[in-house]
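**Student:** Sharing a structure below in structure tokens format, with a few things to ask.
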Amino acid sequence: MTSKLDGKVALITGSGRGIGRSIALKLASEGARIVVNDLDAGPAQETVAAIREAGGHAVACVGSVTAPDFAERFVGTAVSEFKGLDIIINNAGYTWDNVIQKMSDEQWYAMLDCHLTAPFRILRAAQPAIRALSKADAEAGRRNVRKVVNISSVAGLFGNAGQANYSSAKAGIIGMTQTLAKEWGRMNVTVNCVAYGFITTRLTTSAAGESTANIDGREIKVGVNPDLLAMMEKSIPLGRGGTPDEAAGAVYLLCIPESDYVSGQTLMCSGGLTGI
């Protein structure tokens with residue numbers, strides 16, 4: 001293991017599978033201690049086991065990020081288990097698409113609850129702990145830059161047909177990022193955002209309508225029509241979708257010391273795609 005993040009404590013939502021798992025493994029490989037989260041205990045514990053087998057440190061905090069008590073429990077796990085809090089990655093998410101005239105209130109609020117309200121609650125719950133840790137650092141003469149990385153999407157920057165709910169939530173997290181960069185700079189915290197393009201995960205690689213994912217008790221259809229997928233990949237300058245490991249790399253860039261003076265920014269990780 002290298003040690004760019006040696007001893008750092010990182011909270012990562014949605015890190016049992018897909019992009020979140022890759023982020024957790026990447027940060028752990030650099031020495032970070034990870035609080036893994038997933039809706040289901042099995043994937044969360046698998047990620048924890050993988051980190052521990054590689055010589056790292058991790059614990060699981062299982063549950064939905066939209067649960068009213070989740071934020072306090074998540075932050076509390078980091079403080080109680082690892083006695084610190086240095087990195088917060090708001091990654092958990094999914095899509096539930098429809099054109100606006102057919103979109104239900106349930107679909108609308110599900111996206112806002114997961115992609116915008118949940119990160120808000122987590123960051124609100126984290127503020128007292130970060131403030132206390134920042135004060136202790138200052139009193140001890142230590143310079144410790146903490147990091148928040150929120151996950152957005154090119155849909156939040158440019159919109160995407162059939163995703164009024166998802167695009168609105170992902171645009172909102174960019175606004176939250178820019179605001180928190182201004183509020184938390186005094187505590188030596190950088191707050192940035194990564195906007196993903198097409199990343200190949202279990203939610204995107206299945207044929208449309210053939211697979212579902214159980215999310216908060218709802219069976220949500222996942223996948224992309226193969227013809228649409230081929231067309232999407234042709235529109236990407238690099239000619240393909242990104243991998244979860246490549247997606248994790250963009251987050252990693254905003255967590256390491258080299259980015260300590262970068263804040264309030266949105267980094268596109270899209271293979272060169274600059275619109276939809």
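Identifiers for the structure tokens are assigned positionally: chains receive A, B, ... in sequence, residues are indexed from 1 per chain, and ligands are indexed from 1 in the order shown.
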Name all residues at most 9 Å from Cys255 in chain A (count only C-alpha atoms; drop same-chain ones fewer than 5 positions away) and give them as a list in words.

**Tutor:**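 Answer for this query is Leu5, Leu27, Ile87, Arg146, Lys147, Val148, Val149 and Asp260 of chain A.
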
**Student:** As a PDB file with N, CA, C and O atoms, in the first residue's frame, please: the residues near Leu238 in chain A (cut-off 10 Å, only C-alpha atoms, same-chain neighbours under 4 positions excluded).

**Tutor:**
```pdb
ATOM      1  N   GLU A 233     -22.459   5.369 -26.762  1.00  0.00           N
ATOM      2  CA  GLU A 233     -21.011   5.170 -26.756  1.00  0.00           C
ATOM      3  C   GLU A 233     -20.357   5.823 -27.974  1.00  0.00           C
ATOM      4  O   GLU A 233     -19.229   6.310 -27.883  1.00  0.00           O
ATOM      5  N   LYS A 234     -21.054   5.879 -29.107  1.00  0.00           N
ATOM      6  CA  LYS A 234     -20.509   6.543 -30.290  1.00  0.00           C
ATOM      7  C   LYS A 234     -20.369   8.048 -30.083  1.00  0.00           C
ATOM      8  O   LYS A 234     -19.545   8.696 -30.716  1.00  0.00           O
ATOM      9  N   GLY A 242     -17.120   4.539 -19.364  1.00  0.00           N
ATOM     10  CA  GLY A 242     -16.046   4.404 -18.388  1.00  0.00           C
ATOM     11  C   GLY A 242     -16.257   3.213 -17.473  1.00  0.00           C
ATOM     12  O   GLY A 242     -17.367   2.697 -17.334  1.00  0.00           O
ATOM     13  N   SER A 270     -16.214  11.945 -18.086  1.00  0.00           N
ATOM     14  CA  SER A 270     -17.183  11.563 -19.117  1.00  0.00           C
ATOM     15  C   SER A 270     -16.556  11.081 -20.414  1.00  0.00           C
ATOM     16  O   SER A 270     -17.242  10.991 -21.435  1.00  0.00           O
ATOM     17  N   GLY A 271     -15.269  10.834 -20.410  1.00  0.00           N
ATOM     18  CA  GLY A 271     -14.618  10.395 -21.642  1.00  0.00           C
ATOM     19  C   GLY A 271     -14.579  11.456 -22.724  1.00  0.00           C
ATOM     20  O   GLY A 271     -14.454  11.156 -23.910  1.00  0.00           O
ATOM     21  N   GLY A 272     -14.710  12.724 -22.327  1.00  0.00           N
ATOM     22  CA  GLY A 272     -14.694  13.819 -23.284  1.00  0.00           C
ATOM     23  C   GLY A 272     -16.073  14.307 -23.699  1.00  0.00           C
ATOM     24  O   GLY A 272     -16.192  15.313 -24.403  1.00  0.00           O
ATOM     25  N   LEU A 273     -17.134  13.602 -23.267  1.00  0.00           N
ATOM     26  CA  LEU A 273     -18.503  14.036 -23.571  1.00  0.00           C
ATOM     27  C   LEU A 273     -18.799  15.349 -22.872  1.00  0.00           C
ATOM     28  O   LEU A 273     -18.614  15.471 -21.671  1.00  0.00           O
TER      29      LEU A 273
END
```

**Student:** Show which residues sit within 8 Å of range 49-66 of chain A, as a list in words. Count only C-alpha atoms, and ignore same-chain residues fewer than 4 positions away.

**Tutor:**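 In the requested format, the answer is Thr13, Leu25, Ala28, Ser29, Gly31, Ala32, Arg33, Ile34, Val35, Val36, Asn37, Asp38, Leu39, Asp40, Ala41, Ala44, Gln45, Phe70, Ala71, Arg73, Phe74, Thr77, Glu81, Ala92, Asp113, Cys114, Thr117, Ala118 and Asp216 of chain A.
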
**Student:** Give me a file of those residues, with N, CA, C and O atoms, as an mmCIF file, in the first residue's frame.

**Tutor:**
```cif
data_model
loop_
_atom_site.group_PDB
_atom_site.id
_atom_site.type_symbol
_atom_site.label_atom_id
_atom_site.label_comp_id
_atom_site.auth_asym_id
_atom_site.auth_seq_id
_atom_site.Cartn_x
_atom_site.Cartn_y
_atom_site.Cartn_z
ATOM 1 N N THR A 13 -21.000 6.584 0.711
ATOM 2 C CA THR A 13 -22.318 5.979 0.545
ATOM 3 C C THR A 13 -22.359 5.144 -0.727
ATOM 4 O O THR A 13 -21.646 5.392 -1.685
ATOM 5 N N LEU A 25 -12.286 0.836 -2.432
ATOM 6 C CA LEU A 25 -11.054 0.061 -2.589
ATOM 7 C C LEU A 25 -9.871 0.965 -2.932
ATOM 8 O O LEU A 25 -8.754 0.750 -2.441
ATOM 9 N N ALA A 28 -8.921 3.025 0.200
ATOM 10 C CA ALA A 28 -8.327 2.123 1.189
ATOM 11 C C ALA A 28 -6.910 1.718 0.784
ATOM 12 O O ALA A 28 -6.019 1.582 1.632
ATOM 13 N N SER A 29 -6.678 1.562 -0.524
ATOM 14 C CA SER A 29 -5.343 1.178 -0.996
ATOM 15 C C SER A 29 -4.319 2.265 -0.729
ATOM 16 O O SER A 29 -3.111 2.000 -0.715
ATOM 17 N N GLY A 31 -4.429 3.970 2.117
ATOM 18 C CA GLY A 31 -4.300 4.068 3.564
ATOM 19 C C GLY A 31 -5.501 4.589 4.313
ATOM 20 O O GLY A 31 -5.480 4.663 5.548
ATOM 21 N N ALA A 32 -6.572 4.973 3.610
ATOM 22 C CA ALA A 32 -7.756 5.484 4.293
ATOM 23 C C ALA A 32 -8.503 4.356 4.995
ATOM 24 O O ALA A 32 -8.536 3.218 4.518
ATOM 25 N N ARG A 33 -9.102 4.706 6.117
ATOM 26 C CA ARG A 33 -9.989 3.795 6.827
ATOM 27 C C ARG A 33 -11.415 4.117 6.391
ATOM 28 O O ARG A 33 -11.819 5.271 6.424
ATOM 29 N N ILE A 34 -12.166 3.085 6.003
ATOM 30 C CA ILE A 34 -13.405 3.300 5.262
ATOM 31 C C ILE A 34 -14.630 2.860 6.068
ATOM 32 O O ILE A 34 -14.653 1.768 6.635
ATOM 33 N N VAL A 35 -15.653 3.703 6.065
ATOM 34 C CA VAL A 35 -16.989 3.293 6.499
ATOM 35 C C VAL A 35 -17.784 3.013 5.236
ATOM 36 O O VAL A 35 -18.094 3.932 4.474
ATOM 37 N N VAL A 36 -18.062 1.737 5.008
ATOM 38 C CA VAL A 36 -18.753 1.270 3.802
ATOM 39 C C VAL A 36 -20.258 1.295 4.050
ATOM 40 O O VAL A 36 -20.724 0.887 5.112
ATOM 41 N N ASN A 37 -20.998 1.742 3.057
ATOM 42 C CA ASN A 37 -22.458 1.734 3.156
ATOM 43 C C ASN A 37 -23.073 1.062 1.933
ATOM 44 O O ASN A 37 -22.603 1.227 0.820
ATOM 45 N N ASP A 38 -24.138 0.299 2.191
ATOM 46 C CA ASP A 38 -24.959 -0.234 1.114
ATOM 47 C C ASP A 38 -26.351 -0.485 1.677
ATOM 48 O O ASP A 38 -26.525 -0.603 2.893
ATOM 49 N N LEU A 39 -27.328 -0.552 0.789
ATOM 50 C CA LEU A 39 -28.683 -0.908 1.200
ATOM 51 C C LEU A 39 -28.720 -2.286 1.834
ATOM 52 O O LEU A 39 -29.510 -2.544 2.754
ATOM 53 N N ASP A 40 -27.889 -3.188 1.329
ATOM 54 C CA ASP A 40 -27.903 -4.587 1.750
ATOM 55 C C ASP A 40 -26.616 -4.956 2.474
ATOM 56 O O ASP A 40 -25.533 -4.514 2.100
ATOM 57 N N ALA A 41 -26.762 -5.808 3.490
ATOM 58 C CA ALA A 41 -25.607 -6.179 4.311
ATOM 59 C C ALA A 41 -24.574 -6.975 3.519
ATOM 60 O O ALA A 41 -23.368 -6.795 3.706
ATOM 61 N N ALA A 44 -22.141 -4.853 1.333
ATOM 62 C CA ALA A 44 -21.336 -4.013 2.224
ATOM 63 C C ALA A 44 -20.248 -4.830 2.905
ATOM 64 O O ALA A 44 -19.077 -4.414 2.956
ATOM 65 N N GLN A 45 -20.613 -5.987 3.407
ATOM 66 C CA GLN A 45 -19.630 -6.827 4.094
ATOM 67 C C GLN A 45 -18.598 -7.394 3.131
ATOM 68 O O GLN A 45 -17.439 -7.596 3.501
ATOM 69 N N PHE A 70 -30.419 7.930 9.238
ATOM 70 C CA PHE A 70 -29.185 7.379 8.659
ATOM 71 C C PHE A 70 -27.991 8.300 8.835
ATOM 72 O O PHE A 70 -26.894 7.848 9.196
ATOM 73 N N ALA A 71 -28.142 9.576 8.574
ATOM 74 C CA ALA A 71 -26.998 10.496 8.574
ATOM 75 C C ALA A 71 -26.262 10.479 9.911
ATOM 76 O O ALA A 71 -25.031 10.371 9.960
ATOM 77 N N ARG A 73 -26.320 8.157 12.182
ATOM 78 C CA ARG A 73 -25.731 6.834 12.398
ATOM 79 C C ARG A 73 -24.461 6.660 11.583
ATOM 80 O O ARG A 73 -23.464 6.080 12.069
ATOM 81 N N PHE A 74 -24.461 7.156 10.366
ATOM 82 C CA PHE A 74 -23.318 7.041 9.467
ATOM 83 C C PHE A 74 -22.121 7.831 10.004
ATOM 84 O O PHE A 74 -21.009 7.302 10.140
ATOM 85 N N THR A 77 -20.737 6.317 13.170
ATOM 86 C CA THR A 77 -19.903 5.129 12.969
ATOM 87 C C THR A 77 -18.449 5.513 12.747
ATOM 88 O O THR A 77 -17.529 4.901 13.304
ATOM 89 N N GLU A 81 -15.872 4.371 15.593
ATOM 90 C CA GLU A 81 -14.988 3.274 15.191
ATOM 91 C C GLU A 81 -13.559 3.742 14.924
ATOM 92 O O GLU A 81 -12.596 3.042 15.249
ATOM 93 N N ALA A 92 -24.104 7.350 -3.299
ATOM 94 C CA ALA A 92 -25.263 6.467 -3.491
ATOM 95 C C ALA A 92 -26.277 7.067 -4.456
ATOM 96 O O ALA A 92 -26.563 8.267 -4.398
ATOM 97 N N ASP A 113 -34.859 12.781 -2.868
ATOM 98 C CA ASP A 113 -34.522 12.249 -1.542
ATOM 99 C C ASP A 113 -33.155 11.574 -1.544
ATOM 100 O O ASP A 113 -32.349 11.771 -0.624
ATOM 101 N N CYS A 114 -32.874 10.786 -2.573
ATOM 102 C CA CYS A 114 -31.620 10.022 -2.625
ATOM 103 C C CYS A 114 -30.425 10.888 -2.995
ATOM 104 O O CYS A 114 -29.377 10.824 -2.351
ATOM 105 N N THR A 117 -31.402 15.306 -0.851
ATOM 106 C CA THR A 117 -31.716 15.403 0.572
ATOM 107 C C THR A 117 -30.771 14.553 1.416
ATOM 108 O O THR A 117 -30.310 14.995 2.477
ATOM 109 N N ALA A 118 -30.468 13.345 0.964
ATOM 110 C CA ALA A 118 -29.564 12.483 1.741
ATOM 111 C C ALA A 118 -28.173 13.101 1.903
ATOM 112 O O ALA A 118 -27.651 13.159 3.025
ATOM 113 N N ASP A 216 -35.229 0.486 -1.625
ATOM 114 C CA ASP A 216 -36.202 0.993 -0.655
ATOM 115 C C ASP A 216 -37.573 0.357 -0.845
ATOM 116 O O ASP A 216 -38.611 1.020 -0.761
#
```

**Student:** Could you check the closest approach to Ser153 in chain A for each of A:Gly76, A:Gly172, A:Gly197, A:Gly141 and tell me which residue wins, using only C-alpha atoms?

**Tutor:**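 With only C-alpha atoms as the atom set, the closest residue is A:Gly197.
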
**Student:** Which residue out of A:Pro68, A:Gly156, A:Gly175, A:Gly20 has the minimum interatomic distance to Ala125 in chain A when only C-alpha atoms are used?

**Tutor:**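 Counting only C-alpha atoms, the residue closest to Ala125 in chain A is A:Pro68.
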
**Student:** As a short mmCIF file (atom, residue, chain, number, x, y, z; two decimals) with all heavy atoms, in the first residue's frame, please: the residues near Ser168 in chain A (cut-off 10 Å, only C-alpha atoms, same-chain neighbours under 4 positions excluded).

**Tutor:**
```
data_model
loop_
_atom_site.label_atom_id
_atom_site.label_comp_id
_atom_site.auth_asym_id
_atom_site.auth_seq_id
_atom_site.Cartn_x
_atom_site.Cartn_y
_atom_site.Cartn_z
N TRP A 108 -40.48 11.55 -8.64
CA TRP A 108 -39.82 12.84 -8.45
C TRP A 108 -39.11 12.90 -7.10
O TRP A 108 -37.92 13.18 -7.01
CB TRP A 108 -40.85 13.97 -8.58
CG TRP A 108 -40.33 15.32 -8.22
CD1 TRP A 108 -40.49 15.97 -7.03
CD2 TRP A 108 -39.52 16.19 -9.04
NE1 TRP A 108 -39.85 17.19 -7.06
CE2 TRP A 108 -39.26 17.35 -8.27
CE3 TRP A 108 -39.02 16.10 -10.33
CZ2 TRP A 108 -38.50 18.41 -8.77
CZ3 TRP A 108 -38.27 17.15 -10.82
CH2 TRP A 108 -38.01 18.29 -10.05
N MET A 111 -35.96 10.59 -6.36
CA MET A 111 -34.67 11.06 -6.85
C MET A 111 -34.13 12.21 -6.00
O MET A 111 -32.94 12.25 -5.67
CB MET A 111 -34.78 11.49 -8.31
CG MET A 111 -35.03 10.36 -9.30
SD MET A 111 -33.68 9.14 -9.39
CE MET A 111 -34.27 7.91 -8.21
N LEU A 112 -34.98 13.14 -5.63
CA LEU A 112 -34.52 14.24 -4.78
C LEU A 112 -34.10 13.74 -3.41
O LEU A 112 -33.10 14.20 -2.85
CB LEU A 112 -35.61 15.31 -4.66
CG LEU A 112 -35.48 16.47 -5.66
CD1 LEU A 112 -35.69 15.99 -7.09
CD2 LEU A 112 -36.46 17.59 -5.35
N HIS A 115 -30.59 11.72 -4.04
CA HIS A 115 -29.44 12.41 -4.61
C HIS A 115 -29.18 13.80 -4.02
O HIS A 115 -28.10 14.35 -4.22
CB HIS A 115 -29.62 12.55 -6.12
CG HIS A 115 -29.63 11.24 -6.84
ND1 HIS A 115 -28.48 10.57 -7.18
CD2 HIS A 115 -30.65 10.47 -7.29
CE1 HIS A 115 -28.79 9.44 -7.80
NE2 HIS A 115 -30.10 9.35 -7.87
N LEU A 116 -30.16 14.35 -3.31
CA LEU A 116 -29.99 15.71 -2.82
C LEU A 116 -30.26 15.82 -1.32
O LEU A 116 -29.44 16.35 -0.58
CB LEU A 116 -30.91 16.66 -3.60
CG LEU A 116 -30.68 18.16 -3.42
CD1 LEU A 116 -29.24 18.54 -3.74
CD2 LEU A 116 -31.65 18.94 -4.31
N ALA A 155 -26.03 14.72 -16.72
CA ALA A 155 -27.46 15.05 -16.78
C ALA A 155 -27.79 16.27 -15.92
O ALA A 155 -28.71 17.02 -16.22
CB ALA A 155 -28.30 13.85 -16.34
N GLY A 156 -27.04 16.45 -14.85
CA GLY A 156 -27.24 17.61 -13.99
C GLY A 156 -26.69 18.89 -14.60
O GLY A 156 -27.11 19.99 -14.24
N LEU A 157 -25.75 18.74 -15.52
CA LEU A 157 -25.16 19.90 -16.20
C LEU A 157 -25.92 20.27 -17.46
O LEU A 157 -26.06 21.46 -17.78
CB LEU A 157 -23.70 19.61 -16.55
CG LEU A 157 -22.72 19.52 -15.37
CD1 LEU A 157 -21.41 18.90 -15.84
CD2 LEU A 157 -22.48 20.88 -14.77
N GLY A 159 -28.95 18.35 -18.66
CA GLY A 159 -30.27 17.76 -18.78
C GLY A 159 -30.22 16.47 -19.59
O GLY A 159 -29.24 16.19 -20.29
N ASN A 160 -31.28 15.66 -19.47
CA ASN A 160 -31.36 14.42 -20.24
C ASN A 160 -32.83 14.03 -20.36
O ASN A 160 -33.55 13.99 -19.36
CB ASN A 160 -30.58 13.29 -19.57
CG ASN A 160 -30.35 12.12 -20.51
OD1 ASN A 160 -30.33 12.29 -21.73
ND2 ASN A 160 -30.18 10.95 -19.95
N GLN A 163 -35.42 12.33 -17.71
CA GLN A 163 -34.80 12.38 -16.38
C GLN A 163 -34.97 13.75 -15.72
O GLN A 163 -34.03 14.28 -15.13
CB GLN A 163 -33.31 12.02 -16.47
CG GLN A 163 -33.06 10.59 -16.87
CD GLN A 163 -31.58 10.21 -16.76
OE1 GLN A 163 -30.68 11.01 -17.00
NE2 GLN A 163 -31.34 8.96 -16.38
N ALA A 164 -36.16 14.30 -15.77
CA ALA A 164 -36.39 15.59 -15.10
C ALA A 164 -36.09 15.49 -13.61
O ALA A 164 -35.54 16.42 -13.01
CB ALA A 164 -37.83 16.05 -15.32
N GLY A 172 -28.92 20.15 -8.46
CA GLY A 172 -28.98 20.67 -7.10
C GLY A 172 -27.74 20.37 -6.29
O GLY A 172 -27.27 21.22 -5.51
N ILE A 173 -27.15 19.19 -6.48
CA ILE A 173 -25.96 18.84 -5.69
C ILE A 173 -24.77 19.69 -6.11
O ILE A 173 -23.87 19.95 -5.30
CB ILE A 173 -25.65 17.33 -5.81
CG1 ILE A 173 -24.71 16.88 -4.67
CG2 ILE A 173 -25.04 16.97 -7.15
CD1 ILE A 173 -25.33 16.90 -3.31
#
```

**Student:** Enumerate, as a VMD selection string, the complete set of residues in range 36-92 of chain A that a backbone-based DSSP assignment places in alpha helix (DSSP H).

**Tutor:** chain A and resid 41 to 53 70 to 82

**Student:** Check the DSSP output for the backbone and give back, as a list in words, the residues of range 127-244 of chain A in strand (DSSP E).

**Tutor:**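 Listing strand (DSSP E) positions across range 127-244 of chain A yields Arg146, Lys147, Val148, Val149, Asn150, Ile151, Ser152, Ser153, Val189, Thr190, Val191, Asn192, Cys193, Val194, Ala195, Tyr196, Ser211, Thr212, Ala213, Asn214, Ile215, Arg218, Glu219, Ile220, Lys221 and Val222 of chain A.
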
**Student:** Please identify all polymer residues within 10 Å of Thr274 in chain A, counting only C-alpha atoms, omitting same-chain residues fewer than 4 positions from it, and present them as a list in words.

**Tutor:**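 Counting only the stated atoms, we get Val154, Leu157, Phe158, Gly197, Ser235, Ile236, Pro237, Met268, Cys269 and Ser270 of chain A.
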
**Student:** Save the residues we just selected, all heavy atoms, as a tab-separated table (two decimals), in the first residue's frame?

**Tutor:**
```tsv
chain	number	residue	atom	x	y	z
A	154	VAL	N	-23.50	14.30	-15.88
A	154	VAL	CA	-23.65	15.21	-17.01
A	154	VAL	C	-25.12	15.58	-17.21
A	154	VAL	O	-25.43	16.64	-17.75
A	154	VAL	CB	-23.06	14.60	-18.30
A	154	VAL	CG1	-21.55	14.47	-18.22
A	154	VAL	CG2	-23.70	13.26	-18.63
A	157	LEU	N	-25.75	18.74	-15.52
A	157	LEU	CA	-25.16	19.90	-16.20
A	157	LEU	C	-25.92	20.27	-17.46
A	157	LEU	O	-26.06	21.46	-17.78
A	157	LEU	CB	-23.70	19.61	-16.55
A	157	LEU	CG	-22.72	19.52	-15.37
A	157	LEU	CD1	-21.41	18.90	-15.84
A	157	LEU	CD2	-22.48	20.88	-14.77
A	158	PHE	N	-26.40	19.28	-18.20
A	158	PHE	CA	-26.97	19.52	-19.52
A	158	PHE	C	-28.41	19.04	-19.67
A	158	PHE	O	-29.03	19.28	-20.70
A	158	PHE	CB	-26.10	18.84	-20.59
A	158	PHE	CG	-24.66	19.19	-20.49
A	158	PHE	CD1	-23.72	18.25	-20.11
A	158	PHE	CD2	-24.22	20.48	-20.76
A	158	PHE	CE1	-22.37	18.56	-20.02
A	158	PHE	CE2	-22.87	20.81	-20.68
A	158	PHE	CZ	-21.94	19.85	-20.29
A	197	GLY	N	-20.30	10.84	-16.75
A	197	GLY	CA	-21.00	10.52	-17.97
A	197	GLY	C	-21.47	9.08	-17.89
A	197	GLY	O	-21.94	8.63	-16.85
A	235	SER	N	-21.21	8.60	-29.20
A	235	SER	CA	-21.16	10.05	-28.96
A	235	SER	C	-20.05	10.44	-27.99
A	235	SER	O	-19.76	11.62	-27.82
A	235	SER	CB	-22.51	10.53	-28.41
A	235	SER	OG	-22.71	10.06	-27.08
A	236	ILE	N	-19.42	9.45	-27.35
A	236	ILE	CA	-18.34	9.72	-26.39
A	236	ILE	C	-17.02	9.81	-27.17
A	236	ILE	O	-16.66	8.86	-27.87
A	236	ILE	CB	-18.27	8.62	-25.32
A	236	ILE	CG1	-19.59	8.55	-24.53
A	236	ILE	CG2	-17.09	8.85	-24.38
A	236	ILE	CD1	-19.70	7.33	-23.64
A	237	PRO	N	-16.28	10.89	-27.04
A	237	PRO	CA	-15.04	11.02	-27.80
A	237	PRO	C	-14.06	9.85	-27.60
A	237	PRO	O	-13.38	9.46	-28.56
A	237	PRO	CB	-14.45	12.34	-27.29
A	237	PRO	CG	-15.66	13.17	-27.01
A	237	PRO	CD	-16.65	12.20	-26.42
A	268	MET	N	-15.77	16.95	-14.63
A	268	MET	CA	-16.47	16.00	-15.49
A	268	MET	C	-15.62	14.77	-15.73
A	268	MET	O	-14.45	14.88	-16.11
A	268	MET	CB	-16.84	16.66	-16.82
A	268	MET	CG	-17.96	17.67	-16.71
A	268	MET	SD	-18.39	18.35	-18.33
A	268	MET	CE	-18.96	16.87	-19.16
A	269	CYS	N	-16.19	13.62	-15.51
A	269	CYS	CA	-15.55	12.33	-15.80
A	269	CYS	C	-16.45	11.63	-16.81
A	269	CYS	O	-17.34	10.87	-16.45
A	269	CYS	CB	-15.40	11.53	-14.51
A	269	CYS	SG	-14.67	9.89	-14.71
A	270	SER	N	-16.21	11.94	-18.09
A	270	SER	CA	-17.18	11.56	-19.12
A	270	SER	C	-16.56	11.08	-20.41
A	270	SER	O	-17.24	10.99	-21.44
A	270	SER	CB	-18.08	12.77	-19.41
A	270	SER	OG	-17.32	13.83	-19.96
```

**Student:** Between A:Thr201, A:Ser167, A:Thr212, A:Asn98, which is the closest to Ile19 in chain A once you count only C-alpha atoms?

**Tutor:** A:Thr201

**Student:** Restricting the calculation to only C-alpha atoms: of A:Arg131, A:Lys83, A:Arg124, A:Lys102, which residue gets closest to Val189 in chain A?

**Tutor:**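 With only C-alpha atoms as the atom set, the closest residue is A:Arg131.
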
**Student:** So, with only C-alpha atoms as the atoms that count, which of A:Ser134, A:Asn192, A:Thr243, A:Thr47 lies closest to Ser259 in chain A?

**Tutor:**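 For Ser259 in chain A, the nearest of the given residues is A:Asn192.
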
**Student:** When you count only C-alpha atoms, which of these residues is closest to Leu133 in chain A: A:Asp86, A:Ala110, A:Ala161, A:Val99?

**Tutor:**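 Comparing A:Asp86, A:Ala110, A:Ala161, A:Val99 against Leu133 in chain A, the winner is A:Asp86.
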
**Student:** At what distance in Å, to one decimal, does CA of Ala247 in chain A lie from CA of Pro119 in chain A?

**Tutor:** 19.0 Å
